[in-house]
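*Asks:* Below is one structure. I have some questions about it.
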Amino acid sequence: MADFHEKLSIPNDSACLFQIRDLVSRGVREGGFPAIVINRLQIAVDEAVSNIIEHGYLNVPRGKGAIILTVDVSADRFRIEIVDNGISFDPRNLSDVDIQKHAAEGHAGGLGVFLMRKIMDVVDYRFEAGRENRLVLVKNR
């Protein structure tokens, strides 16, 4: 089982999401994590980055904002840190979603944070006002 460490910087452009999915997939495979979790981890990370692009960089032209991802896979965990300079949003302030009610009310979106919490073992968010947002997602083996 080999450790895996890789950093990726992308612009705030959803066309770059495939690079993130590829990074997650390589981290899982090369880090010796069970392949069965690839899709779930890709969903969690994709949701996090999509939220940054859509909400954090709301007033920033596409391609002008940076998102830096660092993946670390070790014997006991898959960890990804996502850093951006967009509008701060603390996902810890959101209450859990009642899926039945959410669907009954006809909501099509708004489940990103819910999915991150369900898929990952740790969702940790920190920000320095006016400087950077730092989201850490961890999945234990």
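Each chain of the structure tokens is named A, B, ... in the order shown, its residues numbered from 1; ligands are numbered from 1 in display order.
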What's the 9 Å shell around A:Ala35, counting only C-alpha atoms, without same-chain residues fewer than 5 positions away, as a PyMOL selection string?

*Replies:* chain A and resi 25+28-29

*Asks:* Do a neighbour search on A:Ala2 at 8 Å with only C-alpha atoms, toss out local chain neighbours closer than 2 positions, and write the hits as a list in words.

*Replies:*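 Residues near the query, excluding close chain neighbours: Phe4, Glu30, Gly31, Gly32, Ser74 and Ala75 of chain A.
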
*Asks:* Can you list every residue of stretch 13-96 of chain A that has an atom at most 12 Å from stretch 118-126 of chain A, with its nearest atom pair and the distance in Å to one decimal, using only C-alpha atoms, ordered by chain then number, as JSON lines?

*Replies:*
{"residue": "A:Val37", "atom": "CA", "partner": "A:Ile119", "partner_atom": "CA", "distance": 9.3}
{"residue": "A:Ile38", "atom": "CA", "partner": "A:Ile119", "partner_atom": "CA", "distance": 11.0}
{"residue": "A:Asn39", "atom": "CA", "partner": "A:Ile119", "partner_atom": "CA", "distance": 10.3}
{"residue": "A:Arg40", "atom": "CA", "partner": "A:Ile119", "partner_atom": "CA", "distance": 6.5}
{"residue": "A:Leu41", "atom": "CA", "partner": "A:Ile119", "partner_atom": "CA", "distance": 7.1}
{"residue": "A:Gln42", "atom": "CA", "partner": "A:Ile119", "partner_atom": "CA", "distance": 9.9}
{"residue": "A:Ile43", "atom": "CA", "partner": "A:Ile119", "partner_atom": "CA", "distance": 8.5}
{"residue": "A:Ala44", "atom": "CA", "partner": "A:Ile119", "partner_atom": "CA", "distance": 6.6}
{"residue": "A:Val45", "atom": "CA", "partner": "A:Met120", "partner_atom": "CA", "distance": 9.6}
{"residue": "A:Glu47", "atom": "CA", "partner": "A:Ile119", "partner_atom": "CA", "distance": 11.2}
{"residue": "A:Ala48", "atom": "CA", "partner": "A:Val123", "partner_atom": "CA", "distance": 10.3}
{"residue": "A:Arg77", "atom": "CA", "partner": "A:Asp121", "partner_atom": "CA", "distance": 9.7}
{"residue": "A:Phe78", "atom": "CA", "partner": "A:Met120", "partner_atom": "CA", "distance": 9.5}
{"residue": "A:Arg79", "atom": "CA", "partner": "A:Val122", "partner_atom": "CA", "distance": 9.1}
{"residue": "A:Ile80", "atom": "CA", "partner": "A:Val123", "partner_atom": "CA", "distance": 10.1}
{"residue": "A:Glu81", "atom": "CA", "partner": "A:Asp124", "partner_atom": "CA", "distance": 9.3}
{"residue": "A:Ile82", "atom": "CA", "partner": "A:Tyr125", "partner_atom": "CA", "distance": 9.5}
{"residue": "A:Val83", "atom": "CA", "partner": "A:Arg126", "partner_atom": "CA", "distance": 9.6}
{"residue": "A:Asp84", "atom": "CA", "partner": "A:Arg126", "partner_atom": "CA", "distance": 11.0}
{"residue": "A:Asn85", "atom": "CA", "partner": "A:Arg126", "partner_atom": "CA", "distance": 12.0}
{"residue": "A:Ser88", "atom": "CA", "partner": "A:Arg126", "partner_atom": "CA", "distance": 9.1}
{"residue": "A:Phe89", "atom": "CA", "partner": "A:Tyr125", "partner_atom": "CA", "distance": 8.8}
{"residue": "A:Asp90", "atom": "CA", "partner": "A:Tyr125", "partner_atom": "CA", "distance": 6.4}
{"residue": "A:Pro91", "atom": "CA", "partner": "A:Tyr125", "partner_atom": "CA", "distance": 7.2}
{"residue": "A:Arg92", "atom": "CA", "partner": "A:Tyr125", "partner_atom": "CA", "distance": 7.4}
{"residue": "A:Asn93", "atom": "CA", "partner": "A:Tyr125", "partner_atom": "CA", "distance": 10.4}
{"residue": "A:Asp96", "atom": "CA", "partner": "A:Lys118", "partner_atom": "CA", "distance": 10.0}

*Asks:* Hey, what's within 12 Å of A:Asn59 if we count only C-alpha atoms and toss same-chain stuff fewer than 5 positions away? As an NGL selection string, please?

*Replies:* :A and (12 or 52-54 or 64-65 or 86-87)

*Asks:* I need the chosen residues saved as a PDB file, in the first residue's frame, with N, CA and C atoms.

*Replies:*
ATOM      1  N   ASN A  12     -11.721  28.683 -11.584  1.00  0.00           N
ATOM      2  CA  ASN A  12     -13.144  28.536 -11.230  1.00  0.00           C
ATOM      3  C   ASN A  12     -13.965  28.308 -12.498  1.00  0.00           C
ATOM      4  N   ILE A  52     -18.069  25.943  -4.688  1.00  0.00           N
ATOM      5  CA  ILE A  52     -17.100  27.045  -4.716  1.00  0.00           C
ATOM      6  C   ILE A  52     -17.245  27.826  -6.017  1.00  0.00           C
ATOM      7  N   ILE A  53     -17.307  27.111  -7.131  1.00  0.00           N
ATOM      8  CA  ILE A  53     -17.421  27.765  -8.437  1.00  0.00           C
ATOM      9  C   ILE A  53     -18.724  28.559  -8.530  1.00  0.00           C
ATOM     10  N   GLU A  54     -19.829  27.931  -8.138  1.00  0.00           N
ATOM     11  CA  GLU A  54     -21.149  28.550  -8.297  1.00  0.00           C
ATOM     12  C   GLU A  54     -21.427  29.657  -7.290  1.00  0.00           C
ATOM     13  N   LYS A  64     -10.989  33.208 -13.613  1.00  0.00           N
ATOM     14  CA  LYS A  64     -10.202  34.235 -12.913  1.00  0.00           C
ATOM     15  C   LYS A  64      -9.993  33.938 -11.429  1.00  0.00           C
ATOM     16  N   GLY A  65     -10.662  32.925 -10.909  1.00  0.00           N
ATOM     17  CA  GLY A  65     -10.483  32.534  -9.509  1.00  0.00           C
ATOM     18  C   GLY A  65      -9.728  31.221  -9.443  1.00  0.00           C
ATOM     19  N   GLY A  86     -12.721  32.669  -2.599  1.00  0.00           N
ATOM     20  CA  GLY A  86     -14.061  33.172  -2.903  1.00  0.00           C
ATOM     21  C   GLY A  86     -14.790  33.647  -1.657  1.00  0.00           C
ATOM     22  N   ILE A  87     -16.078  33.873  -1.819  1.00  0.00           N
ATOM     23  CA  ILE A  87     -16.933  34.301  -0.716  1.00  0.00           C
ATOM     24  C   ILE A  87     -16.973  33.182   0.325  1.00  0.00           C
TER      25      ILE A  87
END
